[in-house]
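Note: the block below is my_file-v1.tsv and it holds TSV, C-alpha atoms.
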```
chain	number	residue	atom	x	y	z
A	1	THR	CA	-7.27	-7.08	-19.16
A	2	GLN	CA	-7.30	-7.80	-22.89
A	3	MET	CA	-10.55	-9.74	-22.52
A	4	GLN	CA	-12.28	-6.56	-21.32
A	5	GLU	CA	-11.54	-4.93	-24.66
A	6	HIS	CA	-14.02	-7.32	-26.25
A	7	GLY	CA	-17.76	-7.70	-25.77
A	8	ILE	CA	-19.38	-9.93	-23.17
A	9	ASP	CA	-20.39	-12.40	-25.88
A	10	VAL	CA	-16.71	-12.93	-26.75
A	11	ALA	CA	-15.85	-13.62	-23.10
A	12	PHE	CA	-18.57	-16.25	-22.83
A	13	MET	CA	-17.56	-17.79	-26.16
A	14	VAL	CA	-13.97	-18.15	-24.94
A	15	MET	CA	-15.13	-19.76	-21.70
A	16	GLY	CA	-17.38	-22.09	-23.66
A	17	LEU	CA	-14.38	-23.40	-25.60
A	18	MET	CA	-12.15	-23.93	-22.59
A	19	HIS	CA	-13.14	-27.58	-22.17
A	20	GLN	CA	-10.73	-28.26	-25.04
A	21	LEU	CA	-7.81	-27.18	-22.85
A	22	ALA	CA	-6.04	-29.11	-20.11
A	23	PRO	CA	-7.51	-28.32	-16.65
A	24	ASP	CA	-4.39	-26.42	-15.51
A	25	ASP	CA	-4.52	-24.20	-18.59
A	26	GLN	CA	-8.22	-23.61	-18.02
A	27	VAL	CA	-7.57	-22.52	-14.45
A	28	GLU	CA	-5.07	-19.79	-15.32
A	29	LEU	CA	-7.33	-18.29	-17.99
A	30	LEU	CA	-10.39	-18.49	-15.76
A	31	ARG	CA	-8.50	-16.90	-12.86
A	32	LEU	CA	-7.76	-13.88	-15.03
A	33	ILE	CA	-11.29	-13.68	-16.43
A	34	ALA	CA	-12.72	-13.90	-12.90
A	35	GLN	CA	-11.09	-10.49	-12.27
A	36	ASP	CA	-13.05	-8.88	-15.12
A	37	LEU	CA	-14.81	-5.66	-14.12
A	38	ARG	CA	-18.02	-6.96	-15.68
A	39	THR	CA	-19.70	-8.83	-12.86
A	40	GLN	CA	-21.58	-11.32	-15.03
A	41	VAL	CA	-18.35	-12.36	-16.78
A	42	ALA	CA	-16.38	-12.57	-13.53
A	43	ARG	CA	-19.11	-14.56	-11.78
A	44	SER	CA	-19.31	-17.11	-14.61
A	45	ALA	CA	-15.52	-17.61	-14.55
A	46	LEU	CA	-15.60	-18.00	-10.77
A	47	GLU	CA	-18.32	-20.65	-11.00
A	48	ARG	CA	-16.22	-22.62	-13.49
A	49	ILE	CA	-13.21	-22.47	-11.16
A	50	VAL	CA	-15.38	-23.73	-8.29
A	51	ALA	CA	-16.45	-26.70	-10.42
A	52	LEU	CA	-12.84	-27.51	-11.31
A	53	ALA	CA	-11.71	-27.11	-7.68
A	54	ALA	CA	-13.69	-30.19	-6.73
A	55	SER	CA	-10.97	-32.33	-8.31
A	56	HIS	CA	-8.06	-30.13	-9.37
A	57	ASP	CA	-5.57	-28.72	-6.86
A	58	ARG	CA	-4.55	-25.78	-9.03
A	59	ALA	CA	-8.19	-24.67	-9.27
A	60	LEU	CA	-8.51	-24.94	-5.48
A	61	ALA	CA	-5.43	-22.74	-5.07
A	62	ALA	CA	-6.81	-20.22	-7.57
A	63	LEU	CA	-10.12	-20.10	-5.71
A	64	HIS	CA	-8.29	-19.47	-2.43
A	65	ALA	CA	-6.28	-16.61	-3.98
A	66	LEU	CA	-9.32	-15.06	-5.65
A	67	SER	CA	-11.19	-15.01	-2.35
A	68	SER	CA	-8.70	-12.37	-1.17
A	69	THR	CA	-8.77	-10.07	-4.19
A	70	LEU	CA	-12.15	-10.13	-5.93
A	71	ALA	CA	-14.75	-7.39	-5.70
A	72	PRO	CA	-16.79	-7.64	-2.46
A	73	SER	CA	-19.85	-8.96	-4.35
A	74	LEU	CA	-17.80	-12.00	-5.42
A	75	VAL	CA	-15.71	-12.56	-2.30
A	76	GLU	CA	-18.58	-14.12	-0.34
A	77	PRO	CA	-19.45	-16.66	-3.09
A	78	ALA	CA	-15.76	-17.59	-3.33
A	79	GLN	CA	-15.40	-18.02	0.42
A	80	ARG	CA	-18.66	-19.95	0.63
A	81	ALA	CA	-17.42	-22.32	-2.11
A	82	LEU	CA	-14.19	-22.90	-0.18
A	83	ARG	CA	-16.17	-23.82	2.94
A	84	LYS	CA	-18.36	-26.24	0.99
A	85	LEU	CA	-15.31	-27.87	-0.55
A	86	GLN	CA	-13.84	-28.37	2.92
A	87	PHE	CA	-16.89	-30.41	3.89
A	88	THR	CA	-16.09	-32.75	0.99
A	89	GLY	CA	-12.47	-33.13	2.08
A	90	ARG	CA	-11.07	-30.56	-0.37
A	91	LYS	CA	-9.30	-28.24	2.06
A	92	TYR	CA	-6.67	-25.84	0.77
A	93	ALA	CA	-3.30	-25.98	2.57
A	94	PRO	CA	-1.27	-22.77	2.14
A	95	PRO	CA	2.38	-23.38	1.22
A	96	PRO	CA	5.29	-22.14	3.38
A	97	ASP	CA	6.41	-18.59	2.65
A	98	ASP	CA	10.05	-18.96	3.71
A	99	ALA	CA	11.45	-17.90	0.32
A	100	TRP	CA	9.49	-14.63	0.31
A	101	ARG	CA	10.29	-11.25	1.84
A	102	ALA	CA	9.11	-7.65	1.62
A	103	LEU	CA	10.86	-4.32	1.20
A	104	LEU	CA	9.13	-1.12	2.30
A	105	GLY	CA	9.94	2.42	1.20
A	106	PRO	CA	9.12	5.64	3.07
A	107	THR	CA	5.71	7.27	2.67
A	108	ASP	CA	5.37	10.74	1.18
A	109	ALA	CA	3.07	13.47	2.48
A	110	GLY	CA	0.26	12.33	0.18
A	111	GLY	CA	0.30	8.80	1.61
A	112	TYR	CA	2.06	7.09	-1.33
A	113	PHE	CA	4.79	4.53	-0.76
A	114	THR	CA	6.69	1.79	-2.56
A	115	LEU	CA	6.46	-1.86	-1.59
A	116	TRP	CA	8.30	-4.80	-3.11
A	117	LEU	CA	7.37	-8.43	-2.54
A	118	VAL	CA	10.32	-10.64	-3.38
A	119	LYS	CA	10.75	-14.39	-3.77
A	120	MET	CA	14.32	-15.58	-3.81
A	121	PRO	CA	15.23	-18.28	-6.38
A	122	ALA	CA	15.19	-21.93	-5.34
A	123	HIS	CA	18.98	-22.00	-5.69
A	124	PHE	CA	21.65	-19.51	-6.72
A	125	THR	CA	21.74	-20.43	-10.41
A	126	ALA	CA	17.96	-20.72	-10.82
A	127	ALA	CA	15.95	-18.07	-12.66
A	128	ASP	CA	12.65	-18.43	-10.84
A	129	GLY	CA	12.95	-15.42	-8.54
A	130	VAL	CA	9.98	-13.05	-8.33
A	131	LEU	CA	9.72	-9.31	-7.76
A	132	ILE	CA	6.30	-7.67	-7.54
A	133	GLY	CA	6.57	-3.92	-7.12
A	134	PHE	CA	3.77	-1.65	-5.92
A	135	THR	CA	2.98	1.98	-5.48
A	136	LEU	CA	0.31	1.96	-2.77
A	137	ALA	CA	-1.72	4.49	-0.81
A	138	LEU	CA	-3.89	3.21	2.01
A	139	GLN	CA	-6.49	5.90	1.26
A	140	GLN	CA	-6.49	5.56	-2.54
A	141	GLY	CA	-5.61	1.93	-3.24
A	142	ILE	CA	-3.23	0.12	-5.58
A	143	VAL	CA	-1.82	2.89	-7.74
A	144	GLU	CA	0.73	0.91	-9.78
A	145	CYS	CA	1.97	-2.67	-9.96
A	146	SER	CA	4.61	-4.41	-12.04
A	147	GLY	CA	6.07	-7.87	-11.77
A	148	VAL	CA	8.78	-10.19	-13.06
A	149	ALA	CA	8.86	-13.93	-12.33
A	150	SER	CA	12.09	-15.07	-13.98
A	151	LEU	CA	14.89	-13.43	-12.00
A	152	GLU	CA	18.22	-14.77	-10.80
A	153	ALA	CA	19.48	-14.11	-7.28
A	154	SER	CA	21.98	-11.56	-8.61
A	155	GLN	CA	19.09	-9.50	-10.02
A	156	LEU	CA	17.30	-9.22	-6.66
A	157	PRO	CA	18.18	-7.15	-3.58
A	158	PRO	CA	20.27	-9.25	-1.18
A	159	ALA	CA	18.36	-10.55	1.82
A	160	ARG	CA	18.85	-8.76	5.12
A	161	ARG	CA	17.53	-9.17	8.63
A	162	VAL	CA	14.10	-7.68	9.28
A	163	GLY	CA	14.58	-4.05	10.27
A	164	ASP	CA	17.77	-3.57	8.25
A	165	LEU	CA	18.06	-0.99	5.48
A	166	VAL	CA	18.55	-2.17	1.89
A	167	VAL	CA	20.13	0.24	-0.57
A	168	ILE	CA	18.67	-0.06	-4.06
A	169	GLY	CA	20.84	1.16	-6.92
A	170	GLU	CA	24.53	1.65	-7.50
A	171	GLY	CA	26.94	4.54	-7.55
A	172	PRO	CA	27.64	7.40	-5.15
A	173	GLU	CA	23.97	8.47	-5.11
A	174	PRO	CA	21.78	5.36	-4.55
A	175	ARG	CA	18.32	5.55	-6.03
A	176	THR	CA	16.47	4.73	-2.84
A	177	THR	CA	16.72	3.01	0.53
A	178	MET	CA	14.14	0.45	1.56
A	179	LEU	CA	13.46	-1.42	4.77
A	180	GLU	CA	13.60	-5.20	5.11
A	181	THR	CA	10.08	-5.98	6.30
A	182	PRO	CA	8.22	-9.15	7.32
A	183	LEU	CA	6.30	-10.60	4.38
A	184	VAL	CA	3.07	-10.64	6.41
A	185	VAL	CA	3.33	-6.87	6.85
A	186	GLY	CA	3.85	-6.31	3.13
A	187	ARG	CA	0.90	-8.51	2.21
A	188	TRP	CA	-1.26	-6.78	4.84
A	189	LEU	CA	-0.45	-3.39	3.30
A	190	VAL	CA	-1.52	-4.68	-0.13
A	191	GLN	CA	-4.71	-6.02	1.46
A	192	GLN	CA	-5.49	-2.63	2.99
A	193	ALA	CA	-4.82	-0.78	-0.27
A	194	LEU	CA	-7.06	-3.27	-2.09
A	195	ALA	CA	-9.85	-2.66	0.44
A	196	ALA	CA	-9.51	1.09	-0.20
A	197	HIS	CA	-9.78	0.42	-3.94
A	198	TRP	CA	-13.06	-1.47	-3.54
A	199	ARG	CA	-14.47	1.23	-1.24
A	200	GLN	CA	-14.41	3.74	-4.09
A	201	PRO	CA	-17.87	4.59	-5.51
A	202	GLU	CA	-16.85	3.36	-8.99
A	203	PRO	CA	-13.64	1.33	-8.70
A	204	ALA	CA	-11.39	1.47	-11.74
A	205	ASP	CA	-9.82	-1.63	-13.18
A	206	LEU	CA	-6.90	-2.97	-11.20
A	207	PRO	CA	-3.44	-2.91	-12.83
A	208	GLY	CA	-3.00	-5.75	-15.31
A	209	GLU	CA	0.20	-7.08	-13.76
A	210	TYR	CA	-1.44	-7.17	-10.35
A	211	LYS	CA	-4.13	-9.43	-11.82
A	212	LEU	CA	-1.45	-11.59	-13.42
A	213	TYR	CA	0.69	-12.08	-10.31
A	214	ASN	CA	-1.71	-11.76	-7.38
A	215	ASP	CA	-2.14	-15.53	-7.04
A	216	LEU	CA	1.45	-15.53	-5.76
A	217	ILE	CA	0.55	-12.93	-3.13
A	218	TRP	CA	-2.65	-14.56	-1.89
A	219	GLN	CA	-1.55	-18.22	-2.02
A	220	PHE	CA	-0.68	-17.99	1.68
A	221	ALA	CA	-2.91	-17.68	4.73
A	222	PRO	CA	-4.65	-14.29	5.14
A	223	PRO	CA	-2.18	-11.75	6.59
A	224	GLN	CA	-2.54	-10.55	10.16
A	225	LEU	CA	-0.37	-7.81	11.62
A	226	PRO	CA	1.52	-8.76	14.80
A	227	GLY	CA	-0.08	-7.20	17.88
A	228	GLU	CA	2.62	-4.61	18.49
A	229	LEU	CA	2.22	-3.33	14.92
A	230	SER	CA	-1.57	-3.60	14.68
A	231	ASP	CA	-1.84	-1.00	17.46
A	232	ILE	CA	-0.44	1.56	15.00
A	233	PHE	CA	-3.56	1.27	12.85
A	234	ALA	CA	-6.07	0.97	15.69
A	235	GLU	CA	-8.58	3.79	15.50
A	236	THR	CA	-9.09	5.72	18.74
A	237	ALA	CA	-12.48	7.15	19.52
A	238	ASP	CA	-12.41	10.92	19.99
A	239	THR	CA	-15.06	12.53	22.17
A	240	GLY	CA	-14.17	16.02	20.99
A	241	LEU	CA	-13.33	17.00	24.58
A	242	GLU	CA	-9.65	16.01	24.50
A	243	GLN	CA	-7.16	18.86	24.59
A	244	PRO	CA	-4.03	18.12	22.54
A	245	ASP	CA	-0.72	18.31	24.39
A	246	LEU	CA	0.78	21.06	22.25
A	247	HIS	CA	4.19	20.83	23.89
A	248	SER	CA	4.46	17.12	23.01
A	249	LEU	CA	3.18	17.77	19.49
A	250	TYR	CA	5.77	20.48	18.85
A	251	GLU	CA	8.51	18.29	20.33
A	252	ALA	CA	7.50	15.46	17.98
A	253	VAL	CA	7.46	17.81	14.99
A	254	ASP	CA	10.87	19.27	15.84
A	255	VAL	CA	12.43	15.79	15.77
A	256	LEU	CA	10.56	14.26	12.84
A	257	VAL	CA	10.84	17.07	10.29
A	258	ARG	CA	14.63	16.68	10.49
A	259	HIS	CA	14.57	12.90	10.08
A	260	PRO	CA	15.82	11.60	6.69
A	261	LEU	CA	12.62	9.56	6.32
A	262	MET	CA	10.65	12.82	6.12
A	263	ARG	CA	12.77	14.32	3.34
A	264	THR	CA	9.99	14.15	0.75
A	265	TRP	CA	7.60	15.81	3.20
A	266	VAL	CA	9.97	18.75	3.57
A	267	GLY	CA	10.34	18.78	-0.21
A	268	TRP	CA	6.56	19.08	-0.51
A	269	ALA	CA	6.62	22.11	1.79
A	270	ALA	CA	9.57	23.64	-0.06
A	271	ASN	CA	7.62	23.34	-3.32
A	272	ILE	CA	4.78	25.35	-1.78
A	273	TRP	CA	7.20	28.20	-1.10
A	274	THR	CA	8.63	27.94	-4.61
A	275	MET	CA	5.17	28.12	-6.17
A	276	LEU	CA	4.27	31.14	-4.07
A	277	GLY	CA	7.48	33.00	-4.80
A	278	ALA	CA	6.33	35.34	-2.06
A	279	LEU	CA	9.51	35.83	-0.03
A	280	PRO	CA	13.15	36.64	-0.82
A	281	GLU	CA	16.02	34.22	-0.15
A	282	THR	CA	16.19	35.48	3.42
A	283	ALA	CA	13.45	37.22	5.36
A	284	PRO	CA	12.86	38.24	8.99
A	285	ASP	CA	11.46	35.44	11.10
A	286	ALA	CA	8.31	37.44	11.86
A	287	GLN	CA	7.61	37.76	8.13
A	288	ILE	CA	8.14	34.03	7.60
A	289	GLN	CA	5.79	33.19	10.49
A	290	ALA	CA	3.14	35.55	9.14
A	291	MET	CA	3.35	33.90	5.75
A	292	ILE	CA	3.12	30.41	7.29
A	293	THR	CA	-0.02	31.51	9.14
A	294	PHE	CA	-1.47	32.82	5.88
A	295	ILE	CA	-0.70	29.56	4.03
A	296	LEU	CA	-2.30	27.46	6.76
A	297	ARG	CA	-5.44	29.60	6.72
A	298	GLU	CA	-5.63	29.06	2.98
A	299	PHE	CA	-5.29	25.32	3.56
A	300	ASP	CA	-8.16	25.47	6.03
A	301	ALA	CA	-10.41	26.91	3.32
A	302	LEU	CA	-9.56	24.31	0.66
A	303	PRO	CA	-12.49	22.14	-0.57
A	304	GLN	CA	-10.19	19.10	-0.34
A	305	ARG	CA	-9.10	19.99	3.20
A	306	THR	CA	-10.50	16.78	4.75
A	307	GLN	CA	-8.93	14.58	2.11
A	308	LEU	CA	-5.57	16.28	2.60
A	309	LEU	CA	-5.72	15.69	6.35
A	310	ASP	CA	-6.89	12.09	5.97
A	311	ASN	CA	-4.10	11.31	3.49
A	312	MET	CA	-1.47	12.86	5.74
A	313	THR	CA	-2.85	11.08	8.81
A	314	GLU	CA	-2.64	7.71	7.06
A	315	ALA	CA	0.82	8.63	5.81
A	316	LEU	CA	1.95	9.24	9.39
A	317	ARG	CA	0.67	5.78	10.35
A	318	THR	CA	2.68	4.05	7.63
A	319	GLN	CA	5.72	6.13	8.61
A	320	ALA	CA	5.14	4.98	12.21
A	321	LEU	CA	5.06	1.39	10.92
A	322	TRP	CA	8.40	1.95	9.16
A	323	PHE	CA	9.92	3.45	12.32
A	324	ALA	CA	8.64	0.55	14.45
A	325	ILE	CA	10.08	-2.14	12.16
A	326	HIS	CA	13.38	-0.25	12.02
A	327	GLY	CA	13.51	-0.21	15.82
A	328	GLU	CA	12.92	3.54	16.18
A	329	THR	CA	10.21	3.17	18.80
A	330	ASP	CA	10.38	6.79	19.98
A	331	ASN	CA	9.88	8.09	16.46
A	332	ALA	CA	7.03	5.64	15.90
A	333	ARG	CA	5.41	7.06	19.03
A	334	ARG	CA	5.97	10.62	17.78
A	335	ALA	CA	4.39	9.87	14.41
A	336	LEU	CA	1.36	8.31	16.09
A	337	LEU	CA	1.03	11.28	18.40
A	338	LEU	CA	0.87	13.56	15.37
A	339	THR	CA	-1.93	11.50	13.81
A	340	ARG	CA	-4.13	12.49	16.74
A	341	GLY	CA	-3.15	16.14	16.41
A	342	MET	CA	-4.04	16.15	12.71
A	343	ARG	CA	-7.77	15.88	13.44
A	344	ALA	CA	-7.91	17.57	16.82
A	345	LEU	CA	-6.62	20.95	15.65
A	346	PRO	CA	-7.62	23.29	12.81
A	347	MET	CA	-5.07	23.51	10.01
A	348	ARG	CA	-4.03	27.02	10.99
A	349	GLN	CA	-2.84	25.57	14.33
A	350	ASN	CA	-1.39	22.33	12.97
A	351	PRO	CA	2.15	21.90	14.37
A	352	LEU	CA	3.26	19.44	11.68
A	353	LEU	CA	2.21	21.62	8.76
A	354	ALA	CA	3.76	24.67	10.40
A	355	GLY	CA	6.98	22.78	11.12
A	356	LEU	CA	7.23	21.45	7.57
A	357	LEU	CA	6.73	24.93	6.13
A	358	GLN	CA	9.36	26.33	8.49
A	359	VAL	CA	12.00	23.80	7.43
A	360	GLY	CA	10.77	23.87	3.82
A	361	TYR	CA	11.41	27.62	3.63
A	362	ALA	CA	15.04	27.09	4.66
A	363	GLN	CA	15.54	24.31	2.12
A	364	ARG	CA	13.52	25.61	-0.82
A	365	SER	CA	16.56	26.83	-2.74
A	366	LEU	CA	18.97	24.02	-1.79
```
As C-alpha cells, please, write out the structure in this file.
Amino acid sequence: TQMQEHGIDVAFMVMGLMHQLAPDDQVELLRLIAQDLRTQVARSALERIVALAASHDRALAALHALSSTLAPSLVEPAQRALRKLQFTGRKYAPPPDDAWRALLGPTDAGGYFTLWLVKMPAHFTAADGVLIGFTLALQQGIVECSGVASLEASQLPPARRVGDLVVIGEGPEPRTTMLETPLVVGRWLVQQALAAHWRQPEPADLPGEYKLYNDLIWQFAPPQLPGELSDIFAETADTGLEQPDLHSLYEAVDVLVRHPLMRTWVGWAANIWTMLGALPETAPDAQIQAMITFILREFDALPQRTQLLDNMTEALRTQALWFAIHGETDNARRALLLTRGMRALPMRQNPLLAGLLQVGYAQRSL
C-alpha cells in the first residue's frame, strides 16, 4: 500500500535492488508489490516471483496464494506459471488447515456481515495465533479487513463445534454472537466478495491488511462449498410465468421477522418510521397499512430500486447459509423462498418489506 504512494519508477527501482536481499525476504516484498493497483508494477513483481518459484518453496507458496487474489488480468498468468512449474516437478502442496476455523455473524438488510478467520496457537502458551476479521458484502466486495498474527489462545474465541454459537464480549450485554463455521465456508465467502470487488467497473484498492495477510487465507486448496450448502447460492432460471405462492411467502415472513437473527433488519425498518415521523405512537391498523403501502410505492420508484432488491436478495442467501449451518433447516428454506419472491413481485407487493415495516413500526420507539 505504501509503495503505491510513490511513482512507478520508485517501484521498479526497489525491485531492481531486491537481489541484495535473501530470497525469502524478496518473496514477501514482491508478494505485496504484486498486489499493486498499477498493472505494470504488479505484473513485474509477479514475474519475479515466478522466477524465484523455480527453486524457492516460499516463492511457490506465494505464487499459489496470489493466483487466488490478484486482479483477473493477472490470475491467468499466475495459474499458467503454476502449471508450467508442475511440469518441472515443482508442484505446490497445500498444508493442512486443522488449526484454522471461521466465525460468521448475521447479515444485515444491506447484505453486510462480519467474518472472522481464526488460527489457534500451536500450543497454549504460544503467541502465534491469528485473527483476520472482515466486513464483507457479496454484492459489494471486501469492505474492511484487519488482522493480528501474534495472539495467545486466551485472546481468541474458544473453539466450538461447527454450528454452535460463540458469544463475543463480556458482561451482561455481549457485543455480538457469531456462529462456528467450517473454514472452507469462510474462505469461500471471502472468495465471493473478492470476485464482486473485481467485477466493479473501477475497483478500488483492497484493504492494506487484507494484502498483508491474504497469503494465510489462500495457502490452502481453493474452497468449494459442500453440496448441501452450494444449493443455497445456485441461481434458478425464472421464465417470468411462475406465480409466487403468497401464502408460503407470508408464512415465511411471519416467522423470520421475529427471529433474533433478523433483529438488524427490523431495526432498519424501524429507522424508516423514525425518519418519516409520520404516525403517532399508536395508530389504527388501517392507517398503518396505508402508510406501509405508501412507503413501498415510494421504494418502487427509487432509482436504486434494483440494487436494493439485489442486496437484500443476497443478504437472504447468506442468512439462509447461517441458518443451515446452525441446523435451522426450516428457516433456511424460508429465507431461500423469500429470495425468489424478492424478484417475482413488485416492491409494493413484497411480503418481506411489508412484514419488516409492520414489526418495525411496533418497535420503533423501544
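Using all atoms listed in the file for every distance, the candidate list A:Phe113, A:Phe12, A:Tyr250, A:Phe87 yields A:Tyr250 as the residue closest to Arg334 (chain A).
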> Do you know which residues are at most 10 Å from Val359 (chain A) counting all atoms listed in the file, after dropping those on the same chain fewer than 5 positions away, and could you put them as number ranges by chain?
Replying inline: A: 254, 257-258, 266-267, 269-270, 354, 364
Keeping only C-alpha atoms, write those residues as a short mmCIF file (atom, residue, chain, number, x, y, z; two decimals), in the frame of the given file.
```cif
data_model
loop_
_atom_site.label_atom_id
_atom_site.label_comp_id
_atom_site.auth_asym_id
_atom_site.auth_seq_id
_atom_site.Cartn_x
_atom_site.Cartn_y
_atom_site.Cartn_z
CA ASP A 254 10.87 19.27 15.84
CA VAL A 257 10.84 17.07 10.29
CA ARG A 258 14.63 16.68 10.49
CA VAL A 266 9.97 18.75 3.57
CA GLY A 267 10.34 18.78 -0.21
CA ALA A 269 6.62 22.11 1.79
CA ALA A 270 9.57 23.64 -0.06
CA ALA A 354 3.76 24.67 10.40
CA ARG A 364 13.52 25.61 -0.82
#
```
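Look at everything within 10 Å of (2.8, -20.5, -8.6) using only C-alpha atoms, and the residues you get are Arg58, Ala61, Ala62, Ala149, Tyr213, Asn214, Asp215, Leu216, Ile217 and Gln219 of chain A.
Look at Ile49 (chain A): the protein and nucleic acid residues within 8 Å of it, using all atoms listed in the file and passing over chain neighbours fewer than 2 places away, are Val27, Leu30, Arg31, Ala45, Leu46, Glu47, Ala51, Leu52, Ala53, Ala59, Leu60, Ala62 and Leu63 of chain A.
Excluding Phe323 (chain A) itself and any same-chain residue fewer than 2 positions from it, the protein and nucleic acid residues within 10 Å of it, counting all atoms listed in the file, are Pro106, Gly163, Leu179, Leu261, Arg317, Thr318, Gln319, Ala320, Leu321, Ile325, His326, Gly327, Glu328, Thr329, Asp330, Asn331, Ala332, Arg333, Arg334 and Ala335 of chain A.
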Got a sec: who's within 9 Å of region 90-98 of chain A, counting all atoms listed in the file, leaving out chain neighbours fewer than 6 positions off, as a compact mmCIF listing (two decimals) with C-alpha atoms, in the frame of the given file?
```txt
# COMPACT_ATOMS: atom_id res chain seq x y z
CA ALA A 53 -11.71 -27.11 -7.68
CA ALA A 54 -13.69 -30.19 -6.73
CA SER A 55 -10.97 -32.33 -8.31
CA ASP A 57 -5.57 -28.72 -6.86
CA LEU A 60 -8.51 -24.94 -5.48
CA ALA A 61 -5.43 -22.74 -5.07
CA HIS A 64 -8.29 -19.47 -2.43
CA LEU A 82 -14.19 -22.90 -0.18
CA ARG A 83 -16.17 -23.82 2.94
CA LYS A 84 -18.36 -26.24 0.99
CA LYS A 119 10.75 -14.39 -3.77
CA LEU A 183 6.30 -10.60 4.38
CA GLN A 219 -1.55 -18.22 -2.02
CA PHE A 220 -0.68 -17.99 1.68
CA ALA A 221 -2.91 -17.68 4.73
```
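Relative to CA of Met13 (chain A), CA of Arg38 (chain A) is found at 15.1 Å.
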>> Quick one: residues within 7 Å of region 296-299 of chain A, all atoms listed in the file, excluding same-chain residues fewer than 3 positions away - as a PyMOL selection string?
In response: chain A and resi 292-293+302+305+347-348
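Interatomic distance, CA of Ser150 (chain A) to CA of Arg101 (chain A): 16.4 Å.
Candidate residues A:Ala11, A:Ala315, A:Leu357, A:Ala102 were compared for distance to Asp164 (chain A), and the nearest is A:Ala102, using all atoms listed in the file.
If you measure from each of A:Ala42, A:Leu212, A:Ala195, A:Ile288 to Gln358 (chain A) using all atoms listed in the file, the closest one turns out to be A:Ile288.
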>> Just checking: using all atoms listed in the file, which residue out of A:Leu194, A:Leu336, A:Leu74, A:Asp36 ends up closest to Asp231 (chain A)?
In response: A:Leu336
